[in-house]
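Source file: work30.txt (compact mmCIF, C-alpha atoms and all ligand atoms)
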# COMPACT_ATOMS: atom_id res chain seq x y z
CA MET A 1 12.77 -12.44 -6.39
CA SER A 2 13.80 -10.12 -3.55
CA GLY A 3 11.15 -11.21 -1.06
CA GLY A 4 8.58 -8.99 0.59
CA LYS A 5 5.18 -9.93 1.91
CA ARG A 6 3.20 -9.34 -1.32
CA PHE A 7 0.49 -7.83 0.89
CA ARG A 8 -0.98 -5.62 -1.85
CA PRO A 9 -1.34 -8.16 -4.71
CA PHE A 10 -2.66 -10.67 -2.19
CA LEU A 11 -5.30 -8.10 -1.20
CA THR A 12 -6.15 -7.59 -4.88
CA TYR A 13 -6.77 -11.32 -5.31
CA LEU A 14 -8.83 -11.58 -2.12
CA VAL A 15 -11.11 -8.69 -3.10
CA PHE A 16 -11.45 -10.03 -6.65
CA SER A 17 -12.44 -13.43 -5.22
CA LEU A 18 -15.55 -11.87 -3.61
CA PHE A 19 -16.97 -11.16 -7.05
CA SER A 20 -15.42 -13.59 -9.52
CA ASN A 21 -13.33 -16.74 -9.84
CA GLU A 22 -11.83 -15.92 -13.25
CA TYR A 23 -8.44 -15.35 -11.66
CA ASN A 24 -6.56 -14.95 -14.94
CA LYS A 25 -8.26 -11.53 -15.20
CA ILE A 26 -6.52 -10.15 -12.14
CA LYS A 27 -2.99 -11.43 -12.65
CA ASN A 28 -1.56 -8.49 -14.59
CA TYR A 29 -3.18 -5.85 -12.40
CA SER A 30 -1.87 -7.46 -9.22
CA PHE A 31 1.63 -7.58 -10.78
CA ALA A 32 1.32 -3.89 -11.66
CA VAL A 33 0.44 -3.00 -8.08
CA GLU A 34 3.47 -4.87 -6.70
CA MET A 35 5.71 -3.29 -9.36
CA ILE A 36 4.64 0.19 -8.26
CA HIS A 37 5.19 -0.77 -4.63
CA THR A 38 8.68 -2.06 -5.47
CA TYR A 39 9.60 1.08 -7.41
CA SER A 40 8.48 3.20 -4.46
CA LEU A 41 10.72 1.23 -2.08
CA ILE A 42 13.75 1.42 -4.39
CA HIS A 43 13.36 5.19 -4.77
CA ASP A 44 12.52 5.67 -1.10
CA ASP A 45 15.84 4.04 -0.13
CA LEU A 46 17.95 6.33 -2.37
CA PRO A 47 20.44 8.71 -0.70
CA CYS A 48 18.34 11.73 -1.74
CA MET A 49 15.29 10.23 0.02
CA ASP A 50 15.57 8.08 3.16
CA ASN A 51 19.14 7.01 2.44
CA ASP A 52 18.81 3.42 3.62
CA ASP A 53 21.52 0.80 3.20
CA PHE A 54 19.30 -2.19 3.93
CA ARG A 55 15.83 -3.34 2.89
CA ARG A 56 14.33 -6.73 3.79
CA GLY A 57 17.60 -7.56 5.54
CA GLN A 58 19.62 -7.15 2.33
CA PRO A 59 21.65 -4.28 0.83
CA THR A 60 19.37 -1.83 -0.97
CA ASN A 61 19.17 -1.72 -4.76
CA HIS A 62 21.47 1.32 -5.11
CA LYS A 63 24.05 -0.27 -2.79
CA VAL A 64 24.24 -3.32 -5.05
CA PHE A 65 23.71 -1.82 -8.51
CA SER A 66 24.57 1.94 -8.14
CA GLU A 67 22.32 4.96 -7.75
CA GLU A 68 21.86 5.41 -11.49
CA ILE A 69 20.61 1.85 -11.94
CA ALA A 70 18.35 2.06 -8.87
CA LEU A 71 16.74 5.21 -10.24
CA LEU A 72 16.23 3.54 -13.60
CA ALA A 73 14.99 0.29 -12.03
CA GLY A 74 12.27 2.32 -10.29
CA ASP A 75 11.44 4.24 -13.47
CA GLY A 76 11.26 0.97 -15.40
CA LEU A 77 8.97 -0.72 -12.87
CA LEU A 78 6.67 2.30 -12.78
CA THR A 79 6.36 2.50 -16.55
CA ASP A 80 6.12 -1.25 -17.09
CA ALA A 81 3.31 -1.45 -14.50
CA PHE A 82 1.04 0.48 -16.85
CA TYR A 83 2.17 -1.65 -19.79
CA MET A 84 1.13 -4.74 -17.79
CA ILE A 85 -2.40 -3.37 -17.45
CA SER A 86 -2.84 -1.90 -20.93
CA ASN A 87 -1.42 -5.04 -22.56
CA ASP A 88 -3.66 -7.41 -20.58
CA GLN A 89 -5.38 -9.79 -23.02
CA THR A 90 -8.15 -10.85 -20.64
CA LEU A 91 -9.86 -7.54 -19.80
CA ASN A 92 -11.98 -5.30 -22.01
CA ALA A 93 -10.76 -1.82 -23.00
CA GLU A 94 -13.11 0.02 -20.66
CA THR A 95 -12.01 -1.97 -17.62
CA LYS A 96 -8.35 -1.46 -18.51
CA ILE A 97 -8.83 2.32 -18.74
CA LYS A 98 -10.60 2.31 -15.37
CA LEU A 99 -7.72 0.37 -13.81
CA VAL A 100 -5.05 2.65 -15.30
CA CYS A 101 -7.02 5.67 -14.10
CA LEU A 102 -7.41 4.26 -10.57
CA LEU A 103 -3.79 3.21 -10.14
CA SER A 104 -2.31 6.39 -11.59
CA GLU A 105 -4.58 8.63 -9.51
CA LYS A 106 -3.80 6.80 -6.27
CA THR A 107 -0.04 6.71 -6.82
CA GLY A 108 0.72 9.93 -8.74
CA SER A 109 1.21 13.48 -7.49
CA ALA A 110 -2.26 13.55 -5.90
CA GLY A 111 -1.51 10.25 -4.16
CA MET A 112 1.59 8.29 -3.14
CA VAL A 113 4.17 10.58 -4.76
CA GLY A 114 2.42 13.66 -3.31
CA GLY A 115 2.46 11.99 0.12
CA GLN A 116 6.18 11.32 -0.21
CA ALA A 117 6.74 15.00 -1.08
CA LEU A 118 4.79 16.09 2.02
CA ASP A 119 6.78 13.59 4.08
CA MET A 120 10.09 15.01 2.79
CA GLN A 121 9.01 18.56 3.60
CA ALA A 122 7.40 17.91 6.99
CA ASP A 123 8.81 19.97 9.85
CA LYS A 124 9.29 19.04 13.48
CA ASN A 125 5.98 20.59 14.54
CA LEU A 126 3.98 18.15 12.44
CA ASN A 127 0.55 17.52 14.01
CA LEU A 128 -1.73 14.47 13.87
CA VAL A 129 -3.93 15.86 11.07
CA GLN A 130 -0.86 16.44 8.89
CA LEU A 131 0.58 13.02 9.75
CA LYS A 132 -2.71 11.32 8.83
CA LYS A 133 -2.67 13.11 5.49
CA ILE A 134 0.85 11.86 4.77
CA HIS A 135 -0.10 8.30 5.76
CA THR A 136 -3.26 8.42 3.66
CA LEU A 137 -1.44 9.56 0.54
CA LYS A 138 1.85 7.74 0.96
CA THR A 139 0.62 4.34 2.12
CA ALA A 140 -3.17 3.94 2.25
CA ASN A 141 -3.72 5.11 -1.34
CA LEU A 142 -1.75 2.25 -2.92
CA ILE A 143 -3.47 -0.26 -0.64
CA GLN A 144 -6.78 1.25 -1.75
CA ALA A 145 -5.75 0.93 -5.40
CA ALA A 146 -4.86 -2.73 -4.78
CA ALA A 147 -8.26 -3.49 -3.28
CA MET A 148 -10.43 -1.33 -5.53
CA GLY A 149 -8.68 -2.66 -8.64
CA GLY A 150 -9.71 -6.17 -7.58
CA ALA A 151 -13.33 -5.02 -7.42
CA LEU A 152 -13.12 -3.04 -10.69
CA ALA A 153 -11.58 -5.91 -12.65
CA ALA A 154 -14.43 -8.14 -11.47
CA GLU A 155 -16.91 -5.45 -12.56
CA ALA A 156 -18.37 -4.99 -9.07
CA GLY A 157 -21.17 -2.42 -8.67
CA GLU A 158 -20.83 1.18 -7.43
CA ALA A 159 -22.06 0.46 -3.89
CA GLU A 160 -19.66 -2.46 -3.53
CA LEU A 161 -16.79 -0.37 -4.86
CA HIS A 162 -17.62 2.27 -2.27
CA ASN A 163 -17.48 -0.30 0.54
CA ILE A 164 -14.17 -1.65 -0.72
CA SER A 165 -12.83 1.91 -0.87
CA GLU A 166 -13.76 2.56 2.79
CA PHE A 167 -12.48 -0.85 3.87
CA SER A 168 -9.12 -0.45 2.16
CA HIS A 169 -8.58 3.10 3.36
CA ALA A 170 -9.00 1.93 6.96
CA LEU A 171 -6.82 -1.15 6.30
CA GLY A 172 -4.14 1.06 4.71
CA MET A 173 -4.06 3.37 7.73
CA ALA A 174 -3.87 0.36 10.06
CA PHE A 175 -1.02 -1.02 7.91
CA GLN A 176 1.03 2.18 8.25
CA ILE A 177 0.34 2.46 12.00
CA LYS A 178 1.51 -1.13 12.42
CA ASP A 179 4.62 -0.19 10.41
CA ASP A 180 5.29 2.68 12.83
CA LEU A 181 4.90 0.29 15.74
CA LEU A 182 7.33 -2.22 14.20
CA ASP A 183 9.85 0.60 13.71
CA VAL A 184 9.88 1.26 17.46
CA ASN A 185 12.23 -1.71 17.94
CA ASP A 186 14.06 -1.29 14.66
CA LYS A 187 15.25 2.27 14.42
CA GLU A 188 15.33 5.58 16.19
CA GLN A 189 11.85 7.11 16.18
CA ASP A 190 11.51 10.18 14.03
CA TYR A 191 8.90 12.90 14.41
CA LYS A 192 6.89 11.51 11.46
CA SER A 193 5.58 8.59 13.48
CA TYR A 194 2.34 7.89 15.32
CA VAL A 195 4.32 6.62 18.29
CA THR A 196 6.24 9.90 18.67
CA LEU A 197 3.08 11.94 18.35
CA LEU A 198 0.66 9.87 20.46
CA GLY A 199 2.75 7.49 22.56
CA LEU A 200 2.54 3.70 22.45
CA GLU A 201 -0.83 3.18 24.13
CA LYS A 202 -2.78 5.62 21.97
CA THR A 203 -1.05 4.30 18.86
CA TYR A 204 -2.32 0.80 19.69
CA ASP A 205 -5.80 2.31 20.18
CA GLU A 206 -5.65 3.94 16.74
CA LEU A 207 -4.57 0.63 15.23
CA GLN A 208 -7.61 -1.06 16.76
CA THR A 209 -9.93 1.77 15.69
CA TYR A 210 -8.88 1.57 12.04
CA SER A 211 -8.98 -2.24 12.09
CA ASN A 212 -12.55 -2.13 13.47
CA GLU A 213 -13.51 0.44 10.85
CA ALA A 214 -12.15 -1.91 8.15
CA ARG A 215 -14.19 -4.82 9.60
CA GLN A 216 -17.36 -2.68 9.68
CA SER A 217 -17.00 -1.69 6.03
CA LEU A 218 -17.04 -5.35 5.01
CA ARG A 219 -20.45 -5.97 6.52
CA SER A 220 -22.65 -5.25 3.53
CA LEU A 221 -20.43 -6.91 0.94
CA PRO A 222 -21.47 -10.09 -0.86
CA GLY A 223 -19.62 -13.39 -0.63
CA ASN A 224 -17.49 -14.66 2.16
CA THR A 225 -15.41 -11.81 3.59
CA ASP A 226 -13.71 -14.02 6.20
CA VAL A 227 -10.43 -13.98 4.27
CA LEU A 228 -10.40 -10.18 4.37
CA ILE A 229 -11.06 -10.23 8.11
CA GLU A 230 -8.11 -12.62 8.39
CA LEU A 231 -5.98 -10.10 6.50
CA ILE A 232 -6.97 -7.36 8.98
CA ASN A 233 -5.99 -9.70 11.82
CA TYR A 234 -2.76 -10.67 10.06
CA ASN A 235 -1.77 -6.99 9.98
CA LEU A 236 -2.41 -6.70 13.73
CA LYS A 237 -0.09 -9.62 14.44
CA ARG A 238 2.59 -9.34 11.76
CA ASP A 239 6.19 -8.92 12.88
CA ALA A 240 7.69 -7.68 9.58
C1 LIG A 301 9.41 9.52 -7.26
C2 LIG A 301 11.88 9.75 -6.59
C3 LIG A 301 10.51 9.29 -6.30
C4 LIG A 301 10.29 8.63 -5.15
C5 LIG A 301 9.01 8.09 -4.78
C6 LIG A 301 6.62 7.35 -3.64
C7 LIG A 301 7.87 7.00 -2.95
C8 LIG A 301 9.17 7.41 -3.51
C9 LIG A 301 7.87 6.32 -1.86
C10 LIG A 301 6.62 5.82 -1.28
C11 LIG A 301 6.58 5.98 0.13
C12 LIG A 301 6.80 4.75 0.94
C13 LIG A 301 8.03 3.92 0.73
C14 LIG A 301 5.89 4.45 1.85
C15 LIG A 301 6.05 3.36 2.83
C16 LIG A 301 4.95 2.39 2.72
C17 LIG A 301 5.30 1.11 3.46
C18 LIG A 301 4.71 0.88 4.78
C19 LIG A 301 6.14 0.25 2.89
C20 LIG A 301 6.48 -1.11 3.42
O1 LIG A 301 5.62 -2.02 2.77
P1 LIG A 301 5.63 -3.58 3.07
O2 LIG A 301 5.72 -3.81 4.55
O3 LIG A 301 7.01 -4.03 2.40
O4 LIG A 301 4.50 -4.21 2.36
P2 LIG A 301 7.43 -5.46 1.81
O5 LIG A 301 8.92 -5.53 2.04
O6 LIG A 301 6.73 -6.55 2.56
O7 LIG A 301 7.10 -5.46 0.36
What is this file in structure tokens?
Amino acid sequence: MSGGKRFRPFLTYLVFSLFSNEYNKIKNYSFAVEMIHTYSLIHDDLPCMDNDDFRRGQPTNHKVFSEEIALLAGDGLLTDAFYMISNDQTLNAETKIKLVCLLSEKTGSAGMVGGQALDMQADKNLNLVQLKKIHTLKTANLIQAAAMGGALAAEAGEAELHNISEFSHALGMAFQIKDDLLDVNDKEQDYKSYVTLLGLEKTYDELQTYSNEARQSLRSLPGNTDVLIELINYNLKRDA
């Protein structure tokens, strides 16, 4: 109810649509992905993290409901996300386990949470390799889980899953670079940004490079991938 682009669940649906049209099978997983995303934003805004007062143009969760409730709201969303998947009545047990495994790996300590820890501890001499690692873990991993979950739920083959993995990694990196570019107008640049490290022109080049990489990875996939190409283009143009 609090807005947001719903980029990740939308991606889940689009990838699923390449392999199947039984859309009831992807509903719970796509909810779970957005719930994890929402928890990460609520916790990221807390005073002990980024300490932000506003999100999506509105006061942040802890500003409205208190820090205790914001912490618990995040905990609840995170836990309930896995209930959504395990309690899905449309998928078989094996597929559900694969989805839980994928989403927890990509967002746990070896993924999004680990990336957030690296981000919190990064020092001012951060280099591009270290920044790319943070972006991969913190942002691209959840986008990968969104896309790969769509393929897994539709029981896509190994080769197709591999292509979706490459595609969504590149898309996830492009998404974070675009986020850094949008921040240029919004807030003071910090040292954990592509723009600070590379300057505007090279940052735009990197955005194009990752977007091209994402397009290339779609080439050998079945079905009509035009909608996914549109999503890559949407990221290039988005203004929020
Ligand atoms: C475990 C205490 C604790 C905290 C975890 C994991 C974490 C906090 C934060 C995740 C890191 C994070 C917020 C990464 C930023 C990713 C990003 C670009 C978010 C913005 O996503 P959009 O543009 O947002 O899709 P909307 O508002 O459209 O949903």
List all protein, DNA and RNA residues that have any atom at most 6 Å from ligand LIG 301 (chain A), counting only C-alpha atoms and all ligand atoms, and write the list as a tab-separated table (two decimals) with C-alpha atoms, in the frame of the given file.
chain	number	residue	atom	x	y	z
A	4	GLY	CA	8.58	-8.99	0.59
A	5	LYS	CA	5.18	-9.93	1.91
A	6	ARG	CA	3.20	-9.34	-1.32
A	7	PHE	CA	0.49	-7.83	0.89
A	40	SER	CA	8.48	3.20	-4.46
A	41	LEU	CA	10.72	1.23	-2.08
A	43	HIS	CA	13.36	5.19	-4.77
A	44	ASP	CA	12.52	5.67	-1.10
A	56	ARG	CA	14.33	-6.73	3.79
A	112	MET	CA	1.59	8.29	-3.14
A	113	VAL	CA	4.17	10.58	-4.76
A	116	GLN	CA	6.18	11.32	-0.21
A	138	LYS	CA	1.85	7.74	0.96
A	139	THR	CA	0.62	4.34	2.12
A	176	GLN	CA	1.03	2.18	8.25
A	179	ASP	CA	4.62	-0.19	10.41
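Of the residues under consideration (A:Lys25, A:Arg219, A:His62, A:His135), A:Arg219 shows the shortest atom-to-atom contact distance to Glu160 of chain A when counting only C-alpha atoms.
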Please measure the separation of atom CA of Val100 of chain A and atom CA of Ala122 of chain A, giving the value in Å to one decimal.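 One can read the atom CA of Val100 of chain A to atom CA of Ala122 of chain A distance as 29.7 Å.
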Separation of atom CA of Asn212 of chain A from atom CA of Gly149 of chain A in Å: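 Atom CA of Asn212 of chain A lies at a distance of 22.5 Å from atom CA of Gly149 of chain A.
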Do you know which residues lie at most 12 Å from (5.8, -0.5, -15.5), with coordinates as in the file and all atoms listed in the file counted, and could you write them as a VMD selection string? chain A and resid 28 to 29 31 to 40 72 to 87 100 103 to 104
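You will find atom CA of Glu105 of chain A at 27.5 Å from atom CA of Tyr234 of chain A.
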Which residue out of A:Leu137, A:Leu182, A:Ile164, A:Ala145 has the minimum interatomic distance to Thr225 of chain A when only C-alpha atoms are used?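 Residue with the minimum atom-to-atom distance to Thr225 of chain A: A:Ile164.
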For Leu102 of chain A, which residue out of A:Asn51, A:Ser165, A:Gln58, A:Thr203 is the nearest one, using only C-alpha atoms?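 Looking only at the distances to Leu102 of chain A, the closest residue turns out to be A:Ser165.
Look at everything within 10 Å of (-9.9, -13.4, -7.9) using all atoms listed in the file, and the residues you get are Phe10, Leu11, Thr12, Tyr13, Leu14, Val15, Phe16, Ser17, Leu18, Phe19, Ser20, Asn21, Glu22, Tyr23, Asn24, Lys25, Ile26, Lys27, Gly150, Ala151, Ala153 and Ala154 of chain A.
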Those same residues, written as a PDB file, keeping the file's coordinate frame with C-alpha atoms?
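To be explicit, this is the file written out as out.pdb:
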ATOM      1  CA  PHE A  10      -2.660 -10.670  -2.190  1.00  0.00           C
ATOM      2  CA  LEU A  11      -5.300  -8.100  -1.200  1.00  0.00           C
ATOM      3  CA  THR A  12      -6.150  -7.590  -4.880  1.00  0.00           C
ATOM      4  CA  TYR A  13      -6.770 -11.320  -5.310  1.00  0.00           C
ATOM      5  CA  LEU A  14      -8.830 -11.580  -2.120  1.00  0.00           C
ATOM      6  CA  VAL A  15     -11.110  -8.690  -3.100  1.00  0.00           C
ATOM      7  CA  PHE A  16     -11.450 -10.030  -6.650  1.00  0.00           C
ATOM      8  CA  SER A  17     -12.440 -13.430  -5.220  1.00  0.00           C
ATOM      9  CA  LEU A  18     -15.550 -11.870  -3.610  1.00  0.00           C
ATOM     10  CA  PHE A  19     -16.970 -11.160  -7.050  1.00  0.00           C
ATOM     11  CA  SER A  20     -15.420 -13.590  -9.520  1.00  0.00           C
ATOM     12  CA  ASN A  21     -13.330 -16.740  -9.840  1.00  0.00           C
ATOM     13  CA  GLU A  22     -11.830 -15.920 -13.250  1.00  0.00           C
ATOM     14  CA  TYR A  23      -8.440 -15.350 -11.660  1.00  0.00           C
ATOM     15  CA  ASN A  24      -6.560 -14.950 -14.940  1.00  0.00           C
ATOM     16  CA  LYS A  25      -8.260 -11.530 -15.200  1.00  0.00           C
ATOM     17  CA  ILE A  26      -6.520 -10.150 -12.140  1.00  0.00           C
ATOM     18  CA  LYS A  27      -2.990 -11.430 -12.650  1.00  0.00           C
ATOM     19  CA  GLY A 150      -9.710  -6.170  -7.580  1.00  0.00           C
ATOM     20  CA  ALA A 151     -13.330  -5.020  -7.420  1.00  0.00           C
ATOM     21  CA  ALA A 153     -11.580  -5.910 -12.650  1.00  0.00           C
ATOM     22  CA  ALA A 154     -14.430  -8.140 -11.470  1.00  0.00           C
TER      23      ALA A 154
END
Which residue is closest to Leu131 of chain A? Choose from A:Asp180, A:Leu152, A:Asn224, A:Gly108 and count only C-alpha atoms.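 Comparing A:Asp180, A:Leu152, A:Asn224, A:Gly108 against Leu131 of chain A, the winner is A:Asp180.
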Using only C-alpha atoms, which of A:Tyr191, A:Tyr210, A:Tyr204, A:Phe54 sits nearest Ile232 of chain A? A:Tyr210
For Leu46 of chain A, list every protein, DNA or RNA residue within 10 Å, evaluated using all atoms listed in the file, and leave out those in the same chain fewer than 2 positions away; present the list as a list in words.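 Listed by chain and then number, they are Leu41, Ile42, His43, Asp44, Cys48, Met49, Asp50, Asn51, Asp52, Asp53, Thr60, Asn61, His62, Lys63, Ser66, Glu67, Glu68, Ala70 and Leu71 of chain A.
Counting all atoms listed in the file and comparing A:Ile97, A:Leu128, A:Leu228, A:Ile143, the residue that lies closest to Pro9 of chain A is A:Ile143.
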Reconstructed N, CA and C atoms for segment 83-104 of chain A, given as a PDB file, keeping the file's coordinate frame:
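Produced file selection-v1.pdb, reproduced below:
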ATOM      1  N   TYR A  83       2.165  -0.761 -18.623  1.00  0.00           N
ATOM      2  CA  TYR A  83       2.170  -1.650 -19.790  1.00  0.00           C
ATOM      3  C   TYR A  83       1.465  -2.964 -19.441  1.00  0.00           C
ATOM      4  N   MET A  84       1.751  -3.479 -18.237  1.00  0.00           N
ATOM      5  CA  MET A  84       1.130  -4.740 -17.790  1.00  0.00           C
ATOM      6  C   MET A  84      -0.400  -4.650 -17.876  1.00  0.00           C
ATOM      7  N   ILE A  85      -0.935  -3.510 -17.457  1.00  0.00           N
ATOM      8  CA  ILE A  85      -2.400  -3.370 -17.450  1.00  0.00           C
ATOM      9  C   ILE A  85      -2.917  -3.165 -18.880  1.00  0.00           C
ATOM     10  N   SER A  86      -2.289  -2.234 -19.597  1.00  0.00           N
ATOM     11  CA  SER A  86      -2.840  -1.900 -20.930  1.00  0.00           C
ATOM     12  C   SER A  86      -2.670  -3.050 -21.910  1.00  0.00           C
ATOM     13  N   ASN A  87      -1.665  -3.916 -21.655  1.00  0.00           N
ATOM     14  CA  ASN A  87      -1.420  -5.040 -22.560  1.00  0.00           C
ATOM     15  C   ASN A  87      -2.129  -6.330 -22.105  1.00  0.00           C
ATOM     16  N   ASP A  88      -2.946  -6.220 -21.073  1.00  0.00           N
ATOM     17  CA  ASP A  88      -3.660  -7.410 -20.580  1.00  0.00           C
ATOM     18  C   ASP A  88      -4.628  -7.922 -21.660  1.00  0.00           C
ATOM     19  N   GLN A  89      -4.546  -9.217 -21.941  1.00  0.00           N
ATOM     20  CA  GLN A  89      -5.380  -9.790 -23.020  1.00  0.00           C
ATOM     21  C   GLN A  89      -6.723 -10.293 -22.508  1.00  0.00           C
ATOM     22  N   THR A  90      -6.937 -10.237 -21.195  1.00  0.00           N
ATOM     23  CA  THR A  90      -8.150 -10.850 -20.640  1.00  0.00           C
ATOM     24  C   THR A  90      -9.252  -9.832 -20.317  1.00  0.00           C
ATOM     25  N   LEU A  91      -8.884  -8.560 -20.208  1.00  0.00           N
ATOM     26  CA  LEU A  91      -9.860  -7.540 -19.800  1.00  0.00           C
ATOM     27  C   LEU A  91     -10.320  -6.717 -21.000  1.00  0.00           C
ATOM     28  N   ASN A  92     -11.536  -6.167 -20.919  1.00  0.00           N
ATOM     29  CA  ASN A  92     -11.980  -5.300 -22.010  1.00  0.00           C
ATOM     30  C   ASN A  92     -11.373  -3.900 -21.861  1.00  0.00           C
ATOM     31  N   ALA A  93     -11.447  -3.121 -22.948  1.00  0.00           N
ATOM     32  CA  ALA A  93     -10.760  -1.820 -23.000  1.00  0.00           C
ATOM     33  C   ALA A  93     -11.261  -0.879 -21.895  1.00  0.00           C
ATOM     34  N   GLU A  94     -12.549  -0.886 -21.664  1.00  0.00           N
ATOM     35  CA  GLU A  94     -13.110   0.020 -20.660  1.00  0.00           C
ATOM     36  C   GLU A  94     -12.567  -0.298 -19.261  1.00  0.00           C
ATOM     37  N   THR A  95     -12.525  -1.570 -18.936  1.00  0.00           N
ATOM     38  CA  THR A  95     -12.010  -1.970 -17.620  1.00  0.00           C
ATOM     39  C   THR A  95     -10.540  -1.601 -17.482  1.00  0.00           C
ATOM     40  N   LYS A  96      -9.773  -1.790 -18.560  1.00  0.00           N
ATOM     41  CA  LYS A  96      -8.350  -1.460 -18.510  1.00  0.00           C
ATOM     42  C   LYS A  96      -8.156   0.039 -18.260  1.00  0.00           C
ATOM     43  N   ILE A  97      -8.959   0.864 -18.937  1.00  0.00           N
ATOM     44  CA  ILE A  97      -8.830   2.320 -18.740  1.00  0.00           C
ATOM     45  C   ILE A  97      -9.185   2.677 -17.286  1.00  0.00           C
ATOM     46  N   LYS A  98     -10.220   2.047 -16.757  1.00  0.00           N
ATOM     47  CA  LYS A  98     -10.600   2.310 -15.370  1.00  0.00           C
ATOM     48  C   LYS A  98      -9.471   1.937 -14.401  1.00  0.00           C
ATOM     49  N   LEU A  99      -8.804   0.819 -14.686  1.00  0.00           N
ATOM     50  CA  LEU A  99      -7.720   0.370 -13.810  1.00  0.00           C
ATOM     51  C   LEU A  99      -6.508   1.298 -13.886  1.00  0.00           C
ATOM     52  N   VAL A 100      -6.176   1.716 -15.129  1.00  0.00           N
ATOM     53  CA  VAL A 100      -5.050   2.650 -15.300  1.00  0.00           C
ATOM     54  C   VAL A 100      -5.351   3.961 -14.581  1.00  0.00           C
ATOM     55  N   CYS A 101      -6.589   4.421 -14.719  1.00  0.00           N
ATOM     56  CA  CYS A 101      -7.020   5.670 -14.100  1.00  0.00           C
ATOM     57  C   CYS A 101      -6.921   5.559 -12.570  1.00  0.00           C
ATOM     58  N   LEU A 102      -7.438   4.474 -12.026  1.00  0.00           N
ATOM     59  CA  LEU A 102      -7.410   4.260 -10.570  1.00  0.00           C
ATOM     60  C   LEU A 102      -5.979   4.235 -10.043  1.00  0.00           C
ATOM     61  N   LEU A 103      -5.150   3.406 -10.656  1.00  0.00           N
ATOM     62  CA  LEU A 103      -3.790   3.210 -10.140  1.00  0.00           C
ATOM     63  C   LEU A 103      -2.942   4.475 -10.292  1.00  0.00           C
ATOM     64  N   SER A 104      -3.115   5.180 -11.398  1.00  0.00           N
ATOM     65  CA  SER A 104      -2.310   6.390 -11.590  1.00  0.00           C
ATOM     66  C   SER A 104      -2.777   7.511 -10.660  1.00  0.00           C
TER      67      SER A 104
END
